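This is model-v2.cif. It holds mmCIF, C-alpha atoms.
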```
data_query
#
loop_
_atom_site.label_atom_id
_atom_site.label_comp_id
_atom_site.auth_asym_id
_atom_site.auth_seq_id
_atom_site.Cartn_x
_atom_site.Cartn_y
_atom_site.Cartn_z
CA MET A 380 310.32 223.00 8.92
CA ARG A 381 313.12 221.94 11.26
CA PHE A 382 312.15 224.78 13.60
CA LYS A 383 308.56 223.63 13.76
CA ARG A 384 309.54 220.02 14.52
CA SER A 385 311.85 221.23 17.30
CA ALA A 386 309.12 223.41 18.73
CA PHE A 387 306.67 220.50 18.60
CA ARG A 388 309.17 218.26 20.36
CA SER A 389 309.70 220.89 23.09
CA HIS A 390 305.96 221.25 23.66
CA THR A 391 305.61 217.46 23.85
CA VAL A 392 308.36 217.15 26.45
CA PHE A 393 306.87 219.99 28.49
CA ALA A 394 303.40 218.42 28.41
CA PHE A 395 304.84 215.07 29.50
CA LEU A 396 306.65 216.67 32.45
CA VAL A 397 303.49 218.49 33.51
CA LEU A 398 301.51 215.25 33.31
CA VAL A 399 304.10 213.33 35.34
CA GLY A 400 304.24 216.13 37.93
CA ALA A 401 300.45 216.13 38.21
CA CYS A 402 300.41 212.37 38.70
CA LYS A 403 303.04 212.56 41.41
CA LYS A 404 301.24 215.39 43.15
CA GLY A 405 297.93 213.55 43.18
CA ALA A 406 299.32 210.24 44.38
CA PRO A 407 298.98 209.71 48.16
CA SER A 408 302.22 209.68 50.08
CA SER A 409 303.29 206.53 51.89
CA HIS A 410 302.75 208.40 55.18
CA SER A 411 299.14 209.23 54.30
CA ALA A 412 298.41 205.72 53.12
CA GLN A 413 299.89 204.33 56.32
CA ALA A 414 297.84 206.71 58.46
CA GLU A 415 294.63 205.38 56.89
CA LEU A 416 295.40 201.77 57.83
CA PRO A 417 293.53 200.44 60.88
CA PRO A 418 295.66 200.03 64.00
CA PRO A 419 297.14 196.58 64.56
CA GLU A 420 295.18 194.20 66.74
CA ALA A 421 296.16 193.99 70.40
CA SER A 422 296.51 190.62 72.08
CA LYS A 423 297.25 189.29 75.54
CA ASP A 424 300.71 188.34 74.37
CA SER A 425 301.52 191.93 73.32
CA SER A 426 303.99 193.95 75.36
CA LEU A 427 301.77 196.89 76.29
CA LEU A 428 301.42 199.72 78.75
CA PHE A 429 297.86 200.44 79.89
CA THR A 430 296.80 203.96 80.87
CA TYR A 431 293.52 204.16 82.77
CA VAL A 432 291.64 206.38 85.19
CA GLU A 433 291.62 205.57 88.90
CA PRO A 434 288.31 205.81 90.81
CA ASN A 435 289.56 209.13 92.25
CA GLY A 436 289.87 210.56 88.73
CA ILE A 437 293.66 210.44 88.50
CA PHE A 438 295.24 208.73 85.47
CA ALA A 439 297.75 205.93 86.03
CA THR A 440 299.77 203.53 83.89
CA THR A 441 300.63 199.86 84.39
CA ASP A 442 302.01 196.97 82.36
CA LYS A 443 299.68 194.51 84.13
CA ALA A 444 296.19 194.43 82.57
CA GLU A 445 294.67 192.74 85.61
CA LYS A 446 295.61 195.72 87.80
CA VAL A 447 293.21 198.04 85.96
CA PRO A 448 290.02 198.45 88.05
CA GLU A 449 286.92 196.95 86.41
CA VAL A 450 285.14 200.31 86.52
CA ALA A 451 287.83 201.75 84.22
CA ARG A 452 288.36 198.89 81.76
CA ARG A 453 286.01 200.06 79.01
CA MET A 454 288.32 202.97 78.06
CA VAL A 455 292.02 202.14 78.34
CA ARG A 456 294.85 203.67 76.32
CA ILE A 457 297.58 201.33 75.10
CA MET A 458 301.19 202.00 74.19
CA GLY A 459 303.60 199.48 72.71
CA LEU A 460 306.65 198.10 74.47
CA GLY A 461 309.37 195.90 73.08
CA LYS A 462 311.13 195.90 69.73
CA ASN A 463 308.54 193.79 67.93
CA GLU A 464 305.48 195.70 69.14
CA PRO A 465 304.03 198.26 66.66
CA ARG A 466 304.42 201.88 67.64
CA ARG A 467 301.05 202.85 69.15
CA LEU A 468 301.52 206.56 69.55
CA ASN A 469 301.59 209.66 67.35
CA ASP A 470 301.46 213.40 67.79
CA ALA A 471 297.69 213.85 67.73
CA ASN A 472 295.88 210.62 68.56
CA VAL A 473 296.03 207.64 70.89
CA GLU A 474 294.86 204.03 70.62
CA VAL A 475 292.14 202.94 73.03
CA ILE A 476 290.77 199.48 73.78
CA ASP A 477 288.05 197.81 75.80
CA LEU A 478 290.33 195.99 78.22
CA GLY A 479 287.49 193.75 79.36
CA GLU A 480 287.22 192.40 75.82
CA LEU A 481 290.98 191.86 75.62
CA LEU A 482 290.98 189.88 78.87
CA ALA A 483 287.91 187.85 77.87
CA ARG A 484 288.76 187.09 74.22
CA GLY A 485 292.53 187.38 74.25
CA LYS A 486 292.55 190.03 71.52
CA THR A 487 290.76 193.22 70.48
CA ARG A 488 290.90 195.92 67.83
CA PRO A 489 291.90 199.38 69.15
CA ARG A 490 290.09 202.61 68.31
CA VAL A 491 291.94 205.78 67.42
CA MET A 492 290.84 209.01 69.09
CA SER A 493 292.25 212.27 70.36
CA LEU A 494 293.86 212.38 73.78
CA GLU A 495 291.15 214.82 74.93
CA ALA A 496 288.39 212.44 73.81
CA PHE A 497 290.03 209.51 75.59
CA GLU A 498 290.46 211.36 78.88
CA THR A 499 286.90 212.72 78.78
CA SER A 500 285.42 209.29 77.97
CA ALA A 501 287.56 207.57 80.60
CA LEU A 502 286.37 210.00 83.27
CA GLY A 503 282.82 209.53 82.00
CA GLN A 504 282.95 205.90 83.16
CA LEU A 505 283.16 207.07 86.76
CA PRO A 506 280.24 208.27 88.84
CA PRO A 507 279.80 212.02 88.31
CA GLY A 508 281.10 214.47 90.87
CA ASP A 509 278.81 216.66 92.95
CA SER A 510 276.20 217.86 90.48
CA CYS A 511 272.61 218.89 89.92
CA PRO A 512 270.23 217.26 87.40
CA LEU A 513 268.73 219.68 84.90
CA ALA A 514 265.31 218.01 85.00
CA GLY A 515 262.81 218.78 87.73
CA PRO A 516 261.91 221.82 89.87
CA HIS A 517 264.67 224.06 91.12
CA GLY A 518 265.02 226.73 93.74
CA PRO A 519 265.65 230.44 93.25
CA PRO A 520 268.97 231.77 91.90
CA LEU A 521 271.86 231.73 94.35
CA ALA A 522 273.99 234.76 95.11
CA GLU A 523 277.47 234.71 93.61
CA ALA A 524 280.59 236.57 94.65
CA PRO A 525 282.21 238.36 91.70
CA ALA A 526 285.32 236.78 90.22
CA THR A 527 288.54 238.77 90.08
CA PRO A 528 289.15 239.93 86.49
CA SER A 529 292.18 238.35 84.82
CA ASP A 530 294.12 239.20 81.69
CA ASP A 531 295.32 235.61 81.32
CA PRO A 532 293.64 233.40 78.68
CA PRO A 533 290.95 231.15 80.19
CA VAL A 534 292.02 227.69 81.27
CA ALA A 535 288.51 226.41 81.98
CA ILE A 536 284.93 226.99 80.87
CA LEU A 537 282.33 226.46 83.58
CA TYR A 538 278.92 225.47 82.21
CA ARG A 539 276.42 226.09 85.00
CA THR A 540 273.01 227.32 86.09
CA SER A 541 272.14 230.04 88.59
CA TRP A 542 270.45 227.71 91.11
CA CYS A 543 273.03 224.86 91.19
CA LYS A 544 274.99 224.63 94.45
CA ALA A 545 277.55 222.27 92.89
CA CYS A 546 278.16 224.89 90.21
CA GLN A 547 278.86 227.42 92.94
CA SER A 548 281.37 225.04 94.53
CA ALA A 549 283.15 224.59 91.19
CA ARG A 550 283.17 228.33 90.64
CA GLN A 551 284.53 228.98 94.12
CA TYR A 552 287.33 226.47 93.49
CA LEU A 553 288.36 228.29 90.32
CA VAL A 554 288.20 231.70 92.01
CA SER A 555 290.09 230.57 95.13
CA ASN A 556 292.87 229.01 93.07
CA ARG A 557 293.10 232.07 90.79
CA ILE A 558 292.47 229.96 87.70
CA PRO A 559 291.31 232.05 84.71
CA PHE A 560 287.92 230.79 83.58
CA ILE A 561 284.77 231.69 81.68
CA SER A 562 281.40 231.09 83.30
CA LYS A 563 278.44 230.28 81.02
CA ASP A 564 274.85 229.95 82.25
CA ILE A 565 273.31 227.40 79.87
CA GLU A 566 269.75 228.44 80.78
CA LYS A 567 270.20 232.15 80.20
CA ASP A 568 272.53 231.74 77.20
CA THR A 569 271.02 229.38 74.62
CA SER A 570 274.18 229.44 72.51
CA ALA A 571 276.16 228.18 75.53
CA GLY A 572 273.66 225.36 75.93
CA ARG A 573 274.09 224.36 72.29
CA GLU A 574 277.86 224.63 72.61
CA LEU A 575 277.88 222.29 75.60
CA ALA A 576 275.52 219.81 73.91
CA GLN A 577 277.82 219.64 70.87
CA LYS A 578 280.90 219.04 73.00
CA ALA A 579 279.17 216.35 75.07
CA SER A 580 277.87 214.62 71.95
CA ARG A 581 281.33 214.63 70.36
CA PHE A 582 282.80 212.93 73.43
CA GLY A 583 279.87 210.57 73.97
CA ILE A 584 278.87 211.80 77.42
CA SER A 585 275.56 213.00 78.80
CA ALA A 586 274.91 216.69 79.39
CA ASP A 587 271.86 216.19 81.61
CA ARG A 588 273.43 217.73 84.72
CA VAL A 589 275.61 220.64 85.79
CA PRO A 590 278.28 221.71 86.32
CA ILE A 591 280.26 220.47 83.37
CA ILE A 592 283.74 221.95 83.26
CA ASP A 593 285.78 222.14 80.08
CA VAL A 594 289.45 222.04 81.11
CA ARG A 595 291.67 222.46 78.04
CA GLY A 596 289.29 220.44 75.90
CA ARG A 597 288.50 217.74 78.48
CA LEU A 598 285.04 217.65 80.03
CA LEU A 599 284.59 216.98 83.75
CA VAL A 600 281.03 216.10 84.74
CA GLY A 601 280.20 217.46 88.17
CA TYR A 602 282.48 219.06 90.73
CA ASP A 603 285.13 216.84 92.32
CA GLU A 604 288.06 218.60 93.97
CA THR A 605 290.47 215.69 93.48
CA ARG A 606 289.76 215.52 89.76
CA MET A 607 290.03 219.29 89.48
CA ASN A 608 293.41 219.16 91.23
CA GLY A 609 294.60 216.50 88.81
CA PHE A 610 293.66 218.51 85.75
CA LEU A 611 294.61 221.97 87.02
CA ALA A 612 297.69 221.34 89.15
CA ASP A 613 300.01 222.84 86.54
CA TRP A 614 297.70 225.35 84.85
#
```
Would you write the structure of this file as structure tokens?
Amino acid sequence: MRFKRSAFRSHTVFAFLVLVGACKKGAPSSHSAQAELPPPEASKDSSLLFTYVEPNGIFATTDKAEKVPEVARRMVRIMGLGKNEPRRLNDANVEVIDLGELLARGKTRPRVMSLEAFETSALGQLPPGDSCPLAGPHGPPLAEAPATPSDDPPVAILYRTSWCKACQSARQYLVSNRIPFISKDIEKDTSAGRELAQKASRFGISADRVPIIDVRGRLLVGYDETRMNGFLADW
């Protein structure tokens, strides 16, 4: 009888430990719970750095909100300065505000997005580079010089059509600068068209013109040599 009671007690203790372990495993960690909290509100009195895109497509940073050009104020990344300012940076995402709202109301609630999404959306505020609308009649296909094969992994994906002169300019830039790339004709390859539409939708930009160049996850609408230099200077 003593043996049975001891065995029962052992099973009870084991079951309790299993239950406690299961509860601990299922409970969210403090890090996870903190990650789900909305980012702290930004105000004019906050000590912040503002990262924005210049009209030439180059990104810049300032601690003076008024210095950000109006054309770029809708998508501005913020980073905290000072000991009392919340840390506004992590390994995967950034905090983005409408700077116009901050200047008008004195405060605003940031949005969290990936760095790639921010840079694509910020560039999307600017007028597109040299490009061709997909709608309307188009001329015959243009001749293309073959690209030099490369064993390096592609740095860019060029979404294009066969008749688009701006697409040819973008392609020539990539070839001349020996940048490994993949060229996808969205009219001949329906899967490439769907792929581009999904990327554009995810970043909130229009895919109604070509070329659109995917550079390491950022989308550039149209061909602009200055913007290409900024994104591909250290490929």
Near-A:Ala501 list (8 Å; all atoms listed in the file; drop same-chain fewer than 3 positions) as a PDB file with C-alpha atoms, keeping the file's coordinate frame:
```pdb
ATOM      1  CA  TYR A 431     293.520 204.160  82.770  1.00  0.00           C
ATOM      2  CA  VAL A 432     291.640 206.380  85.190  1.00  0.00           C
ATOM      3  CA  ALA A 451     287.830 201.750  84.220  1.00  0.00           C
ATOM      4  CA  ARG A 453     286.010 200.060  79.010  1.00  0.00           C
ATOM      5  CA  MET A 454     288.320 202.970  78.060  1.00  0.00           C
ATOM      6  CA  VAL A 455     292.020 202.140  78.340  1.00  0.00           C
ATOM      7  CA  PHE A 497     290.030 209.510  75.590  1.00  0.00           C
ATOM      8  CA  GLU A 498     290.460 211.360  78.880  1.00  0.00           C
ATOM      9  CA  GLN A 504     282.950 205.900  83.160  1.00  0.00           C
ATOM     10  CA  LEU A 505     283.160 207.070  86.760  1.00  0.00           C
TER      11      LEU A 505
END
```
Worksheet item: So what does the PyMOL selection byres ((chain A and resi 512) around 8) actually pick up in this one, as a PyMOL selection string?
Response: chain A and resi 510-511+513-515+587-589
Discussion item. Using the chain letters and numbers from this file, what does the PyMOL selection byres ((chain A and resi 437-444) around 8) select? Give the answer as number ranges by chain.
Written reply: A: 426-436, 445-447, 478, 482, 605-606, 609
Worksheet item: For A:Glu523, which residue among A:Cys543, A:Leu575, A:Ile592, A:Ile584 is the nearest when counting all atoms listed in the file?
Response: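 The shortest atom-to-atom distance to A:Glu523 comes from A:Cys543.
Going from atom CA of A:Ile476 to atom CA of A:Pro489 covers 4.8 Å.
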Let me know the centre plus edge lengths, in Å and rounded to one decimal, of a box with edges along x, y and z that contains all listed atoms of stretch 583-586 of chain A and is padded by 5 Å on every side, as AutoDock Vina command-line options.
```
--center_x 277.4 --center_y 213.6 --center_z 76.7 --size_x 15.0 --size_y 16.1 --size_z 15.4
```
Worksheet entry | Contacts of A:Asp424 at 9 Å (all atoms listed in the file; same-chain gap of 3+ positions) as an MDAnalysis selection string | chainID A and resid 421 427 485:486
